[in-house]
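First the structure, in the form of structure tokens, and then the observations on it.
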Amino acid sequence: MKRIALVVAVLFIGMHAAFAIDPLPFKDRAEEVRFQNLTRQLRCLVCQNQDLADSDADLAKDLRRQVFEMMQSGKSDDQIKQYLVSRYNDFVLYDPPLHAGTWLLWFGPFAFLALGAFVVLRILRQRARVPLSPADSGEDW
């Protein structure tokens, strides 16, 4: 019984190591914090609901490595973001800028909410205008 528990424990430790994110050789803690902040501002293009820092997708791993290499070559955060935007469009940013191409992204939810409220109000007003017929009055009892 103890052998089985030991084998299971070793397997779990091996699986945990297999899913660990590859460590990157940062110069100092400030560079690591900069990298973490930058990758949290970028969207995983495969997962779409995760930032680049938290994704386990192969493309996310490649993009993290590419961001790290650009940081090592002296590029600023804005230059790195601009490169990724030019390659993958504004979708790669979690906080895309407001311009004509992103209006629907920014204002679409509010427009759908307003449209839904308009439809509900219209239905309620139509129901209030319909008079009750004598059969519906409830006086038959």
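Starting from 1 in every chain, residues are counted up; chains themselves are A, B, ... following the order of the structure tokens, and ligands are numbered from 1 as listed.
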
| request: Mind checking which residues fall within 7 Å of range 26-40 of chain A, counting only C-alpha atoms, ignoring those fewer than 4 positions away in the same chain, and posting them as JSON, numbers by chain? | output: {"A": [51, 52, 53, 77]}

| Shell of 9 Å around Gln48 in chain A, only C-alpha atoms, local chain residues under 3 positions omitted, as a list of chain:residue names | A:Arg43, A:Cys44, A:Leu45, A:Asp51, A:Phe91, A:Val92

Can you write just those residues out, N, CA and C atoms, as an mmCIF file, in the first residue's frame?
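Output (again-v9.cif):
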```cif
data_model
loop_
_atom_site.group_PDB
_atom_site.id
_atom_site.type_symbol
_atom_site.label_atom_id
_atom_site.label_comp_id
_atom_site.auth_asym_id
_atom_site.auth_seq_id
_atom_site.Cartn_x
_atom_site.Cartn_y
_atom_site.Cartn_z
ATOM 1 N N ARG A 43 -3.511 39.710 -24.366
ATOM 2 C CA ARG A 43 -4.475 38.606 -24.401
ATOM 3 C C ARG A 43 -3.858 37.406 -25.107
ATOM 4 N N CYS A 44 -4.144 36.216 -24.587
ATOM 5 C CA CYS A 44 -3.765 34.995 -25.277
ATOM 6 C C CYS A 44 -4.664 34.856 -26.496
ATOM 7 N N LEU A 45 -4.088 34.703 -27.654
ATOM 8 C CA LEU A 45 -4.855 34.650 -28.888
ATOM 9 C C LEU A 45 -5.558 33.307 -29.077
ATOM 10 N N ASP A 51 -5.104 36.155 -19.925
ATOM 11 C CA ASP A 51 -3.987 36.987 -20.346
ATOM 12 C C ASP A 51 -2.802 36.094 -20.699
ATOM 13 N N PHE A 91 -6.845 43.181 -30.981
ATOM 14 C CA PHE A 91 -7.402 42.100 -30.176
ATOM 15 C C PHE A 91 -6.390 41.562 -29.169
ATOM 16 N N VAL A 92 -5.122 41.707 -29.433
ATOM 17 C CA VAL A 92 -4.091 41.192 -28.537
ATOM 18 C C VAL A 92 -4.019 42.001 -27.231
#
```

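Taking CA of Asp78 in chain A and CA of Gln66 in chain A as the two end points, the separation is 14.6 Å.
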
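Nearest residue to Asn49 in chain A among A:Phe68, A:Phe118, A:Phe107, A:Tyr94 is A:Tyr94, counting only C-alpha atoms.
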
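The spacing separating CA of Gln50 in chain A from CA of Ala114 in chain A amounts to 28.4 Å.
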
| note | Across A:Gly108, A:Val46, A:Ser76, A:Asp54, the smallest distance to Tyr88 in chain A, with only C-alpha atoms counted, is shown by A:Val46

| said: Need to verify the contact set: Asp95 in chain A, 10 Å, only C-alpha atoms, exclusion of same-chain residues closer than 5 positions in sequence. Can you return it as JSON, numbers by chain? | reply: {"A": [41, 42, 43, 90, 106]}

| Which residues come within 10 Å of Arg65 in chain A, counting only C-alpha atoms, excluding same-chain residues fewer than 5 positions away, as a ChimeraX atom specification? | /A:22,24,59-60,70-71

Can you write out the residues you just picked, keeping C-alpha atoms, as a compact mmCIF listing (two decimals), in the first residue's frame?
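Output contents, as saved in again_20.txt:
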```txt
# COMPACT_ATOMS: atom_id res chain seq x y z
CA ASP A 22 9.62 27.77 -18.23
CA LEU A 24 13.22 33.04 -17.75
CA LEU A 59 1.34 30.22 -28.82
CA ALA A 60 1.24 32.00 -25.45
CA MET A 70 12.30 42.12 -27.03
CA MET A 71 12.70 43.33 -23.45
```

| message | Let me make sure I understand: among A:Lys81, A:Arg129, A:Trp103, A:Leu115, which one has the smallest atom-to-atom distance to Leu63 in chain A if we use only C-alpha atoms? | response | A:Lys81

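Counting only C-alpha atoms, Leu105 in chain A has the following residues at most 12 Å away, ignoring those fewer than 4 positions along the same chain: Asp90, Phe91, Tyr94, Asp95, Pro96, Pro97, Leu98, His99, Ala100, Gly101, Pro109, Phe110, Ala111 and Phe112 of chain A.
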
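One finds CA of Leu113 in chain A at 27.0 Å from CA of Asn89 in chain A.
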